[in-house]
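Working notes, structure below.
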Amino acid sequence: HPAGPAAHPAAAGRTFTVRIVAIDRSDKRVTTDPVVLQGASNLVSSGSQTVRLAAGRYVVGSAIETPATGSAQLSETMIAKTVTVSRSATVTLDARTGRLLTVGFHAAGARQVFQGGALCDGIGAGAMLAGVYDDPVGTTYVGPVPKGVQLFYQSRWQSGTGTIYDLAGAAAKGSKAAPHFRDRVSELAKVGLQLRTGESPAG
């Protein structure tokens with residue numbers, strides 16, 4: 001018997017216009033630099049708020065900035081959203097769904113000096129949907145994490161004597177738990193650096 005027609009011949013080779021808009025935590029529409037992935041680590045688009053996509057399933061993400069208040073210099077919300085494309089549409093990344101990312105840690109005389117994170121679908125440079133690496137303390141927020149996407153965190157603490165504590169870890173893929181983590185000094189490995197030649201490093 002001859003082969004039958006394709007299931008959706010009208011859709012073969014077609015692409016659709018998808019507009020990506022962002023809303024900050026103050027309920028204002030803002031400009032962002034979205035990333036579109038199709039499958040783990042498969043980058044389709046980066047930085048464009050209007051993209052042409054074939055029918056299929058995608059993950060869209062971005063770090064959405066909200067004007068900071070108080071002593072904070074920058075406040076961002078990492079958002080990722082699963083989208084099924086079958087026609088032209090608008091995708092909204094809403095930072096109002098974000099919850100504060102916190103890292104609990106205690107060491108004598110230490111205070112947190114840095115906190116950030118990333119949402120990734122896969123491993124490697126092409127897997128990151130949203131990343132915050134320069135946020136000051138306590139200003140990183142995270143929206144609901146879609147299935148298959150993983151939240152990574154990083155936090156740095158420093159004591160008055162110059163001891164630095166670098167903390168990092170990840171939640172389970174698609175975790176629905178609040179983005180709260182806790183580390184202990186007993187779980188850290190001590191790293192010593194010794195300069196044998198050359199000039200003394202600045203930091």
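Residues are named by chain letter and number: chains run A, B, ... in the order of the structure tokens, numbers start at 1 in each chain, and ligands are numbered from 1 in the order shown.
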- Might you pull out every residue within 9 Å of Leu101 in chain A, with only C-alpha atoms counted and same-chain residues fewer than 4 positions away left off, and present them as a list in words? Gln115, Gly116, Gly117, Gly138, Thr139, Thr140, Tyr141, Val142, Tyr153, Ala178, Pro179, His180 and Phe181 of chain A
- Item | Exercise: Arg52 in chain A partners within 9 Å, only C-alpha atoms, chain neighbours under 5 positions left out, as a PyMOL selection string | chain A and resi 15-19+88
- Query: Could you name the residues that touch Phe152 in chain A at 12 Å or less, counting only C-alpha atoms, but leaving out those on the same chain fewer than 4 positions away, as a count of residues only?
  - Reply: 34
- Can you work out which one of A:Val51, A:Ile79, A:Val85, A:Leu43 has the shortest atom-to-atom distance to Gln150 in chain A, counting only C-alpha atoms? A:Ile79
- Query: Restricting the calculation to only C-alpha atoms, which member of A:Ser159, A:Lys190, A:Tyr58, A:Leu100 is positioned closest to Val44 in chain A?
  - Reply: A:Tyr58
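Residues in contact with Ala189 in chain A at up to 12 Å, not including ones fewer than 6 positions away on its chain and judged by only C-alpha atoms, are Ile164, Tyr165, Asp166 and Leu167 of chain A.
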- Message: Please list as a VMD selection string every residue within 8 Å of Pro144 in chain A, counting only C-alpha atoms and excluding residues in the same chain fewer than 3 positions away.
- Response: chain A and resid 79 to 80 97 to 98 176
Long-range neighbours of Ser45 in chain A as a tab-separated table (two decimals) with N, CA and C atoms, in the first residue's frame, 12 Å cut-off, only C-alpha atoms, 5 positions minimum in chain:
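And here's around_23.tsv as it stands now:
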chain	number	residue	atom	x	y	z
A	18	VAL	N	6.53	34.13	17.81
A	18	VAL	CA	6.30	34.09	19.25
A	18	VAL	C	6.94	35.33	19.86
A	20	ILE	N	7.86	37.46	23.25
A	20	ILE	CA	8.16	37.17	24.65
A	20	ILE	C	8.16	38.50	25.41
A	33	ASP	N	16.16	39.87	28.15
A	33	ASP	CA	16.91	39.14	27.13
A	33	ASP	C	16.60	37.65	27.25
A	34	PRO	N	15.51	37.21	26.65
A	34	PRO	CA	15.09	35.82	26.85
A	34	PRO	C	15.95	34.81	26.10
A	35	VAL	N	15.92	33.59	26.62
A	35	VAL	CA	16.58	32.44	25.99
A	35	VAL	C	15.51	31.41	25.66
A	36	VAL	N	15.62	30.80	24.49
A	36	VAL	CA	14.69	29.76	24.08
A	36	VAL	C	15.48	28.48	23.81
A	37	LEU	N	15.11	27.41	24.51
A	37	LEU	CA	15.74	26.10	24.31
A	37	LEU	C	14.70	25.11	23.82
A	38	GLN	N	15.13	24.17	22.98
A	38	GLN	CA	14.28	23.06	22.58
A	38	GLN	C	15.05	21.78	22.85
A	50	THR	N	11.25	38.67	19.97
A	50	THR	CA	10.37	38.14	18.94
A	50	THR	C	11.13	37.08	18.17
A	51	VAL	N	10.62	35.85	18.17
A	51	VAL	CA	11.33	34.74	17.52
A	51	VAL	C	10.36	33.98	16.61
A	52	ARG	N	10.94	33.34	15.60
A	52	ARG	CA	10.18	32.46	14.71
A	52	ARG	C	10.49	31.03	15.09
A	53	LEU	N	9.46	30.25	15.43
A	53	LEU	CA	9.65	28.90	15.91
A	53	LEU	C	8.77	27.92	15.15
A	58	TYR	N	9.03	23.97	23.77
A	58	TYR	CA	10.20	24.79	24.08
A	58	TYR	C	10.19	25.18	25.56
A	59	VAL	N	11.36	25.61	26.03
A	59	VAL	CA	11.45	26.22	27.35
A	59	VAL	C	12.00	27.63	27.15
A	60	VAL	N	11.30	28.62	27.70
A	60	VAL	CA	11.70	30.02	27.57
A	60	VAL	C	12.08	30.53	28.95
A	61	GLY	N	13.17	31.28	29.04
A	61	GLY	CA	13.60	31.78	30.34
A	61	GLY	C	14.35	33.09	30.25
A	62	SER	N	14.43	33.77	31.39
A	62	SER	CA	15.18	35.03	31.46
A	62	SER	C	15.33	35.46	32.91
A	126	GLY	N	25.22	26.08	26.74
A	126	GLY	CA	23.97	26.26	26.01
A	126	GLY	C	22.75	25.86	26.79
A	127	ALA	N	22.91	25.52	28.06
A	127	ALA	CA	21.78	25.01	28.85
A	127	ALA	C	21.13	26.07	29.73
A	128	MET	N	21.76	27.23	29.88
A	128	MET	CA	21.28	28.20	30.86
A	128	MET	C	20.13	29.03	30.29
A	129	LEU	N	19.03	29.01	31.02
A	129	LEU	CA	17.85	29.81	30.67
A	129	LEU	C	17.88	31.18	31.32
- Pairwise distance for CA of Asn42 in chain A and CA of Arg57 in chain A, rounded to one decimal in Å: 12.0 Å
- Taking only C-alpha atoms into account, which of A:Ser26, A:Thr31, A:Phe114, A:Leu195 comes nearest Thr92 in chain A? A:Thr31
- Query: Can you list, as a ChimeraX atom specification, every residue of range 63-186 of chain A that DSSP puts in strand (DSSP E)?
  - Reply: /A:63-66,75-85,89-94,99-100,102-104,110-120,128-132,140-142,150-159,164-170,180-182
